[in-house]
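Enquirer: To be precise about what I am sending: the file is called run.csv and holds CSV, C-alpha atoms (C1' of nucleotides).
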```csv
chain,number,residue,atom,x,y,z
Y,1,MET,CA,0.0,0.0,0.0
Y,2,PRO,CA,0.6,3.4,0.1
Y,3,GLU,CA,2.3,3.7,3.5
Y,4,LEU,CA,2.3,6.7,5.7
Y,5,PRO,CA,4.3,9.0,3.4
Y,6,GLU,CA,2.1,8.2,0.4
Y,7,VAL,CA,-1.1,8.8,2.3
Y,8,GLU,CA,0.2,12.0,3.7
Y,9,THR,CA,1.2,13.1,0.2
Y,10,VAL,CA,-2.3,12.3,-1.1
Y,11,ARG,CA,-3.8,14.2,1.9
Y,12,ARG,CA,-1.7,17.3,1.1
Y,13,GLY,CA,-2.7,17.1,-2.6
Y,14,LEU,CA,-6.4,16.7,-1.8
Y,15,GLU,CA,-6.5,19.4,0.8
Y,16,PRO,CA,-6.9,22.5,-1.4
Y,17,VAL,CA,-9.6,20.7,-3.5
Y,18,LEU,CA,-11.6,19.3,-0.6
Y,19,ALA,CA,-11.0,21.2,2.7
Y,20,GLY,CA,-13.8,23.8,3.1
Y,21,GLN,CA,-15.5,22.6,-0.1
Y,22,ARG,CA,-19.0,21.3,-0.6
Y,23,LEU,CA,-19.6,17.9,-2.2
Y,24,THR,CA,-22.5,18.2,-4.5
Y,25,HIS,CA,-22.8,14.5,-5.2
Y,26,THR,CA,-20.8,11.3,-5.0
Y,27,ASP,CA,-21.0,8.4,-7.4
Y,28,VAL,CA,-20.6,5.0,-5.7
Y,29,ARG,CA,-20.1,2.6,-8.6
Y,30,ARG,CA,-20.0,-0.7,-6.8
Y,31,PRO,CA,-21.3,-1.9,-3.4
Y,32,ASP,CA,-18.0,-2.6,-1.7
Y,33,LEU,CA,-14.3,-2.6,-1.8
Y,34,ARG,CA,-12.6,-4.9,0.7
Y,35,TRP,CA,-15.8,-4.6,2.8
Y,36,PRO,CA,-19.3,-3.4,2.0
Y,37,PHE,CA,-19.7,0.4,1.9
Y,38,PRO,CA,-21.8,2.0,4.7
Y,39,LYS,CA,-25.5,2.3,4.3
Y,40,ASN,CA,-26.7,5.2,2.0
Y,41,MET,CA,-23.1,6.2,1.3
Y,42,SER,CA,-23.9,8.2,-1.8
Y,43,GLU,CA,-26.6,10.2,-0.1
Y,44,ARG,CA,-24.4,10.8,3.0
Y,45,LEU,CA,-21.7,12.1,0.7
Y,46,SER,CA,-23.9,14.4,-1.2
Y,47,ASP,CA,-24.6,18.1,-0.3
Y,48,VAL,CA,-22.2,18.0,2.6
Y,49,CYS,CA,-19.2,20.2,3.4
Y,50,VAL,CA,-15.8,18.8,4.0
Y,51,MET,CA,-14.5,20.7,7.0
Y,52,GLN,CA,-11.0,19.3,7.2
Y,53,LEU,CA,-8.9,16.5,5.8
Y,54,ARG,CA,-6.8,14.6,8.3
Y,55,ARG,CA,-4.6,11.5,8.4
Y,56,ARG,CA,-4.2,8.9,11.1
Y,57,SER,CA,-1.7,6.2,10.2
Y,58,LYS,CA,-2.5,5.1,6.6
Y,59,VAL,CA,-6.1,6.3,6.8
Y,60,LEU,CA,-7.4,9.5,5.3
Y,61,LEU,CA,-10.1,11.2,7.4
Y,62,ALA,CA,-12.5,13.8,5.9
Y,63,ASP,CA,-14.6,15.4,8.6
Y,64,LEU,CA,-18.0,16.4,7.2
Y,65,ASP,CA,-20.5,19.1,8.5
Y,66,SER,CA,-23.1,16.3,8.8
Y,67,GLY,CA,-21.3,15.0,11.9
Y,68,ASP,CA,-19.8,12.0,10.0
Y,69,THR,CA,-16.2,11.4,9.1
Y,70,LEU,CA,-15.4,9.6,5.9
Y,71,LEU,CA,-12.5,7.1,6.4
Y,72,VAL,CA,-10.5,6.1,3.3
Y,73,HIS,CA,-8.0,3.3,3.2
Y,74,LEU,CA,-6.0,3.0,0.0
Y,75,GLY,CA,-5.1,-0.7,0.5
Y,76,MET,CA,-2.3,-1.8,-1.8
Y,77,SER,CA,-3.3,-0.1,-5.0
Y,78,GLY,CA,-5.7,2.7,-4.2
Y,79,ARG,CA,-5.4,6.1,-5.7
Y,80,MET,CA,-7.3,9.4,-5.3
Y,81,LEU,CA,-7.0,11.4,-8.5
Y,82,ILE,CA,-8.2,14.9,-9.0
Y,83,GLU,CA,-9.7,16.0,-12.3
Y,84,GLY,CA,-11.8,18.9,-13.4
Y,85,THR,CA,-11.4,22.5,-12.1
Y,86,MET,CA,-8.7,23.1,-9.5
Y,87,PRO,CA,-8.8,26.1,-7.1
Y,88,GLY,CA,-5.7,27.6,-8.7
Y,89,GLY,CA,-7.3,27.6,-12.1
Y,90,PHE,CA,-5.7,24.4,-13.3
Y,91,HIS,CA,-7.9,22.1,-15.3
Y,92,HIS,CA,-7.3,18.4,-15.6
Y,93,PRO,CA,-9.4,16.9,-18.3
Y,94,GLN,CA,-12.2,14.6,-17.0
Y,95,SER,CA,-12.3,11.2,-18.6
Y,96,ALA,CA,-15.0,8.6,-18.6
Y,97,PRO,CA,-14.9,6.3,-15.5
Y,98,GLY,CA,-12.6,3.4,-16.0
Y,99,LYS,CA,-13.1,-0.2,-14.9
Y,100,HIS,CA,-11.4,0.4,-11.5
Y,101,ASP,CA,-12.8,3.8,-10.8
Y,102,HIS,CA,-15.1,2.9,-7.8
Y,103,VAL,CA,-16.1,6.1,-6.2
Y,104,ILE,CA,-16.2,9.6,-7.7
Y,105,PHE,CA,-16.6,12.7,-5.5
Y,106,HIS,CA,-17.8,15.9,-7.1
Y,107,THR,CA,-17.3,19.3,-5.6
Y,108,GLU,CA,-19.3,22.5,-6.0
Y,109,ALA,CA,-16.2,24.2,-7.4
Y,110,GLY,CA,-16.1,21.8,-10.3
Y,111,ALA,CA,-13.4,19.3,-9.2
Y,112,SER,CA,-13.9,15.6,-9.2
Y,113,ILE,CA,-11.9,13.1,-7.1
Y,114,THR,CA,-11.8,9.6,-8.3
Y,115,PHE,CA,-11.0,6.7,-6.0
Y,116,ASN,CA,-9.3,4.0,-8.3
Y,117,ASP,CA,-8.3,0.7,-6.9
Y,118,PRO,CA,-7.6,-2.3,-9.2
Y,119,ARG,CA,-7.0,-4.8,-6.4
Y,120,ARG,CA,-9.8,-3.5,-4.2
Y,121,PHE,CA,-7.9,-4.1,-1.0
Y,122,GLY,CA,-8.9,-0.5,-0.1
Y,123,ALA,CA,-11.9,0.4,2.1
Y,124,MET,CA,-14.2,3.3,2.9
Y,125,ASP,CA,-16.5,3.9,5.8
Y,126,LEU,CA,-18.6,6.6,7.4
Y,127,TRP,CA,-18.6,7.1,11.2
Y,128,PRO,CA,-19.6,9.7,13.7
Y,129,THR,CA,-16.7,12.1,14.1
Y,130,ALA,CA,-17.3,12.3,17.9
Y,131,GLU,CA,-16.7,8.5,18.1
Y,132,LEU,CA,-13.9,8.1,15.6
Y,133,GLU,CA,-11.5,6.5,18.0
Y,134,THR,CA,-13.9,3.6,18.3
Y,135,HIS,CA,-13.8,2.8,14.6
Y,136,ARG,CA,-12.1,-0.5,13.9
Y,137,PHE,CA,-9.7,1.0,11.5
Y,138,LEU,CA,-8.4,3.3,14.2
Y,139,ALA,CA,-8.9,1.5,17.5
Y,140,ASN,CA,-5.7,-0.3,18.7
Y,141,LEU,CA,-3.3,1.8,16.6
Y,142,GLY,CA,0.0,2.7,18.1
Y,143,PRO,CA,1.3,6.2,18.1
Y,144,GLU,CA,2.1,8.2,15.0
Y,145,PRO,CA,5.8,7.7,14.2
Y,146,LEU,CA,6.2,11.4,13.5
Y,147,GLY,CA,4.5,12.5,16.8
Y,148,ASN,CA,6.0,13.1,20.2
Y,149,ASP,CA,4.5,9.9,21.7
Y,150,PHE,CA,6.8,7.8,19.5
Y,151,ASN,CA,10.1,7.9,21.3
Y,152,ALA,CA,12.9,5.6,22.5
Y,153,PRO,CA,11.4,4.9,26.0
Y,154,TYR,CA,8.1,4.0,24.4
Y,155,LEU,CA,9.5,1.8,21.7
Y,156,SER,CA,11.9,0.2,24.1
Y,157,GLY,CA,9.1,-0.7,26.4
Y,158,ARG,CA,7.0,-2.2,23.6
Y,159,LEU,CA,9.9,-4.3,22.2
Y,160,LYS,CA,11.0,-5.6,25.6
Y,161,GLY,CA,10.7,-9.3,25.9
Y,162,LYS,CA,9.3,-9.8,22.4
Y,163,GLY,CA,10.3,-13.0,20.7
Y,164,SER,CA,9.3,-11.9,17.2
Y,165,THR,CA,11.7,-10.1,14.8
Y,166,ILE,CA,12.2,-6.4,14.8
Y,167,LYS,CA,10.8,-6.5,11.2
Y,168,SER,CA,7.5,-7.9,12.2
Y,169,ALA,CA,7.3,-5.7,15.3
Y,170,LEU,CA,7.7,-2.5,13.2
Y,171,LEU,CA,5.0,-3.8,10.8
Y,172,ASP,CA,2.7,-4.3,13.8
Y,173,GLN,CA,0.4,-1.3,13.6
Y,174,ARG,CA,-0.4,-1.6,17.4
Y,175,ILE,CA,3.2,-0.8,18.1
Y,176,VAL,CA,3.7,2.1,15.7
Y,177,ALA,CA,1.1,3.2,13.1
Y,178,GLY,CA,1.8,3.8,9.5
Y,179,LEU,CA,4.9,1.8,8.6
Y,180,GLY,CA,4.8,-0.8,5.8
Y,181,ASN,CA,7.3,-3.0,4.1
Y,182,ILE,CA,9.2,-0.4,2.3
Y,183,TYR,CA,9.8,2.0,5.1
Y,184,VAL,CA,10.6,-0.7,7.7
Y,185,CYS,CA,13.3,-2.0,5.3
Y,186,GLU,CA,14.7,1.4,4.7
Y,187,ALA,CA,14.7,2.5,8.4
Y,188,LEU,CA,16.3,-0.8,9.5
Y,189,TRP,CA,19.0,-0.3,6.9
Y,190,ARG,CA,19.6,3.3,8.0
Y,191,ALA,CA,19.7,2.2,11.6
Y,192,GLY,CA,22.1,-0.7,10.9
Y,193,ILE,CA,19.8,-3.3,12.4
Y,194,SER,CA,19.1,-6.7,10.8
Y,195,PRO,CA,15.4,-7.4,10.1
Y,196,LYS,CA,16.1,-10.9,11.6
Y,197,ARG,CA,17.1,-9.5,15.0
Y,198,LEU,CA,14.7,-10.4,17.7
Y,199,ALA,CA,12.7,-7.3,18.8
Y,200,GLY,CA,13.6,-7.8,22.5
Y,201,LYS,CA,17.2,-8.0,21.7
Y,202,VAL,CA,17.7,-4.6,20.1
Y,203,SER,CA,20.0,-2.7,22.5
Y,204,ARG,CA,18.8,0.5,24.0
Y,205,PRO,CA,21.2,2.7,22.0
Y,206,LYS,CA,20.1,0.9,18.8
Y,207,VAL,CA,16.4,1.6,19.7
Y,208,GLU,CA,17.2,5.3,20.1
Y,209,ASN,CA,19.0,5.3,16.8
Y,210,LEU,CA,16.1,3.4,15.2
Y,211,VAL,CA,13.5,6.0,16.4
Y,212,VAL,CA,15.5,8.7,14.8
Y,213,HIS,CA,15.9,6.9,11.5
Y,214,ILE,CA,12.3,5.9,11.3
Y,215,ARG,CA,11.3,9.6,11.6
Y,216,GLU,CA,14.0,10.8,9.2
Y,217,THR,CA,13.1,8.1,6.6
Y,218,LEU,CA,9.4,9.0,6.7
Y,219,ALA,CA,10.2,12.8,6.6
Y,220,ASP,CA,12.5,12.3,3.6
Y,221,ALA,CA,9.8,10.2,1.8
Y,222,ILE,CA,7.1,12.8,2.4
Y,223,ALA,CA,9.4,15.5,1.1
Y,224,ALA,CA,9.8,13.4,-2.0
Y,225,GLY,CA,6.1,12.9,-2.5
Y,226,GLY,CA,6.2,9.3,-1.5
Y,227,SER,CA,7.5,6.2,-3.5
Y,228,SER,CA,5.9,5.2,-6.8
Y,229,LEU,CA,6.4,1.5,-7.7
Y,230,ARG,CA,3.5,0.4,-9.7
Y,231,ASP,CA,0.2,1.9,-8.7
Y,232,TYR,CA,0.9,4.8,-6.4
Y,233,ARG,CA,0.3,8.3,-7.7
Y,234,GLN,CA,0.0,11.7,-5.9
Y,235,ALA,CA,-3.5,13.2,-6.1
Y,236,ASP,CA,-2.5,15.3,-9.1
Y,237,GLY,CA,-1.3,12.2,-10.9
Y,238,GLU,CA,2.4,12.9,-10.5
Y,239,LEU,CA,4.8,10.1,-9.4
Y,240,GLY,CA,6.5,10.2,-6.1
Y,241,TYR,CA,10.2,10.0,-6.4
Y,242,PHE,CA,11.5,8.5,-3.1
Y,243,GLN,CA,12.0,5.2,-4.8
Y,244,HIS,CA,15.1,6.7,-6.3
Y,245,SER,CA,16.5,7.0,-2.7
Y,246,PHE,CA,15.9,3.4,-1.7
Y,247,ALA,CA,19.0,2.0,-0.1
Y,248,ALA,CA,17.5,-1.4,0.6
Y,249,TYR,CA,14.0,-2.0,-0.7
Y,250,GLY,CA,14.1,-3.7,-4.1
Y,251,GLN,CA,17.9,-3.4,-4.2
Y,252,GLU,CA,18.7,-7.1,-4.2
Y,253,GLY,CA,22.2,-7.8,-5.6
Y,254,GLU,CA,23.2,-4.1,-5.5
Y,255,PRO,CA,26.3,-3.1,-3.5
Y,256,CYS,CA,25.4,-1.7,-0.1
Y,257,GLN,CA,25.6,2.1,-0.1
Y,258,ARG,CA,26.8,2.5,3.4
Y,259,GLU,CA,30.2,4.2,3.5
Y,260,GLY,CA,32.9,1.7,3.9
Y,261,CYS,CA,30.6,-1.3,3.6
Y,262,SER,CA,31.4,-3.8,0.9
Y,263,GLY,CA,28.3,-5.9,1.4
Y,264,ILE,CA,25.6,-6.8,-1.1
Y,265,VAL,CA,21.9,-6.2,-0.5
Y,266,GLN,CA,20.0,-9.4,-0.2
Y,267,ARG,CA,16.4,-10.4,-0.2
Y,268,ILE,CA,15.0,-12.8,2.4
Y,269,VAL,CA,11.4,-13.8,3.0
Y,270,GLN,CA,10.0,-13.2,6.5
Y,271,SER,CA,6.4,-14.2,7.2
Y,272,GLY,CA,5.8,-14.4,3.5
Y,273,ARG,CA,7.0,-10.9,2.7
Y,274,SER,CA,10.3,-9.7,1.2
Y,275,SER,CA,12.9,-8.1,3.5
Y,276,PHE,CA,15.9,-6.4,1.9
Y,277,HIS,CA,19.0,-5.9,3.9
Y,278,CYS,CA,22.8,-5.9,4.0
Y,279,ALA,CA,23.9,-8.8,6.2
Y,280,ARG,CA,27.4,-7.2,6.4
Y,281,CYS,CA,26.4,-4.0,8.2
Y,282,GLN,CA,23.0,-4.7,9.6
Y,283,LYS,CA,23.4,-6.6,12.8
Q,284,DC,C1',-2.2,-13.8,24.4
Q,285,DG,C1',1.3,-14.3,20.7
Q,286,DA,C1',3.2,-16.0,16.4
Q,287,DT,C1',2.4,-17.9,11.7
Q,288,DG,C1',0.0,-18.9,7.3
Q,289,DC,C1',-3.6,-18.2,4.3
Q,290,DC,C1',-6.5,-15.3,1.9
Q,291,DC,C1',-8.9,-11.4,-0.3
Q,292,DC,C1',-8.0,-9.2,-5.7
Q,293,DT,C1',-6.0,-7.7,-10.2
Q,294,DG,C1',-2.1,-6.8,-13.1
Q,295,DA,C1',2.7,-6.8,-14.5
Q,296,DG,C1',6.6,-9.1,-15.8
Q,297,DA,C1',9.5,-13.2,-16.5
Q,298,DG,C1',10.2,-17.6,-18.6
Q,299,DC,C1',8.9,-21.1,-21.9
P,300,DT,C1',1.1,-14.6,-29.0
P,301,DG,C1',-0.2,-16.8,-25.2
P,302,DC,C1',0.2,-19.7,-21.3
P,303,DT,C1',1.7,-20.3,-16.4
P,304,DC,C1',4.1,-18.8,-12.6
P,305,DT,C1',5.6,-15.4,-9.2
P,306,DC,C1',5.3,-11.2,-7.0
P,307,DA,C1',3.3,-6.8,-5.3
P,308,DG,C1',3.0,-1.0,-0.9
P,309,DG,C1',-2.0,-4.3,3.6
P,310,DG,C1',-4.2,-6.5,7.0
P,311,DG,C1',-8.0,-9.7,8.9
P,312,DC,C1',-8.8,-14.2,10.3
P,313,DA,C1',-8.2,-19.1,11.6
P,314,DT,C1',-5.2,-22.0,13.7
P,315,DC,C1',-1.8,-23.9,16.8
```
Would you mind giving the structure from this file in structure tokens?
Expert:
Amino acid sequence: MPELPEVETVRRGLEPVLAGQRLTHTDVRRPDLRWPFPKNMSERLSDVCVMQLRRRSKVLLADLDSGDTLLVHLGMSGRMLIEGTMPGGFHHPQSAPGKHDHVIFHTEAGASITFNDPRRFGAMDLWPTAELETHRFLANLGPEPLGNDFNAPYLSGRLKGKGSTIKSALLDQRIVAGLGNIYVCEALWRAGISPKRLAGKVSRPKVENLVVHIRETLADAIAAGGSSLRDYRQADGELGYFQHSFAAYGQEGEPCQREGCSGIVQRIVQSGRSSFHCARCQK
DNA sequence: CGATGCCCCTGAGAGC
DNA sequence: TGCTCTCAGGGGCATC
């Protein structure tokens, strides 16, 4: 999926087109994505104002003046693409809906936002804003990695005694919210920690270092507009370009970029997913 | 309770 | 050209 940096990039791209704007109507072109859509979704997304656009973990949150919040999860291949009239006067031509264009939002200002998702692992729901934290997408999430609650004492406490690997611990959204396979690989490379190391056996100085590198990796990726592999696009259709900065992810067989390291990046499979790392400098 | 596989779905690319 | 196989950014659920 789009991980935290991709979702944040999409949020920033959508903000000028959606925040403070009225939705005139919303076309809901199928009954479900990963799960059934909420009851009366089209009606509840018509003639309402989007007050603000937020993000929690990998979930986009659009607070509506109806008292509902729209939750959007992009899954593995979801995109939100803007067409029509943009606030700055730009005009992206509108095309006929494609096979995987599942939901289309129309704003009073003349913009349309198309949710496209070939694999349909994405999801949308509507939930009372006042009770958002009870929604199953958001309940049980760990802290935001870019927030103050994510720090070395916290992470150290959560990793203590864990017998699973550090790779799977960082992918566990209950421990820290928003990381996925790419950014875990990259952050572990930057921190010089093997993805195979047991979570409870990462030394305290290494945990401190890891927290810093997770934050820096995500910040760098957001600054680059996210990573575009196959499906991901920013809301304006542009590619992200953080993939050109990958040191580990997808770099199997490439020389390790760490200064003074002569290792080769290798791919291993952990719980059915690829981990890329340099066995020479990640310990 | 925690760890591990399997599964949802479509499409791209490799190999034959 | 076309078939088959593997793989893909996520995460819920069954099972042990």
Enquirer: Using only C-alpha atoms (C1' of nucleotides), determine which residues of chain Y fall within 8 Å of chain Q; present them as a PDB file with C-alpha atoms, in the frame of the given file.
Expert:
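Final file, selection_13.pdb:
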```
ATOM      1  CA  ARG Y  34     -12.600  -4.900   0.700  1.00  0.00           C
ATOM      2  CA  PRO Y 118      -7.600  -2.300  -9.200  1.00  0.00           C
ATOM      3  CA  ARG Y 119      -7.000  -4.800  -6.400  1.00  0.00           C
ATOM      4  CA  ARG Y 120      -9.800  -3.500  -4.200  1.00  0.00           C
ATOM      5  CA  PHE Y 121      -7.900  -4.100  -1.000  1.00  0.00           C
ATOM      6  CA  SER Y 164       9.300 -11.900  17.200  1.00  0.00           C
ATOM      7  CA  SER Y 271       6.400 -14.200   7.200  1.00  0.00           C
TER       8      SER Y 271
END
```
Enquirer: Report as a list in words the set of chain Y residues whose atoms approach chain P to within 9 Å, with distances computed over all atoms listed in the file.
Expert: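 Using all atoms listed in the file, chain Y residues at most 9 Å from chain P: Met1, Pro2, Glu3, Gly75, Met76, Ser77, Phe121, Gly122, Gly180, Asn181, Ile182, Ser227, Leu229, Arg230, Asp231 and Tyr232 of chain Y.
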Enquirer: Applying 8 Å and only C-alpha atoms (C1' of nucleotides), which residues near His92 in chain Y remain after dropping the ones on its own chain fewer than 4 positions away? List them as a list in words.
Expert: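 My reading of the contact set: Ile82, Glu83, Gly84, Thr85 and Met86 of chain Y.
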Enquirer: Could you please determine the separation between CA of Arg258 in chain Y and CA of Gln282 in chain Y in Å, to one decimal place?
Expert: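 Atom-to-atom, CA of Arg258 in chain Y and CA of Gln282 in chain Y are spaced 10.2 Å apart.
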Enquirer: What is the distance, in Å and to one decimal place, between CA of Ala130 in chain Y and CA of Leu64 in chain Y?
Expert: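 We find that CA of Ala130 in chain Y and CA of Leu64 in chain Y lie 11.5 Å from each other.
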Enquirer: Env of range 185-188 of chain Y: 6 Å cut, atoms = all atoms listed in the file, seq-sep filter 2 positions within chain, self excluded. Answer as a list in words.
Expert: Ile182, Tyr183, Arg190, Ala191, Gly192, Ile193, His213, Ile214 and Ala248 of chain Y
Enquirer: Do you have the CA of Thr217 in chain Y-CA of Val184 in chain Y distance handy?
Expert: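 A separation of 9.2 Å between them.
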Enquirer: I want to know what sits within 9 Å of Leu179 in chain Y, based on all atoms listed in the file, with residues of the same chain fewer than 5 positions away left out; could you give that as a ChimeraX atom specification?
Expert: /Y:3-5,57-58,145,170-173,184,214,218
Enquirer: Within 9 Å of (16.3, -5.0, 15.4), all atoms listed in the file: residues as a VMD selection string?
Expert: chain Y and resid 165 to 167 188 191 to 203 206 to 207 210 282 to 283
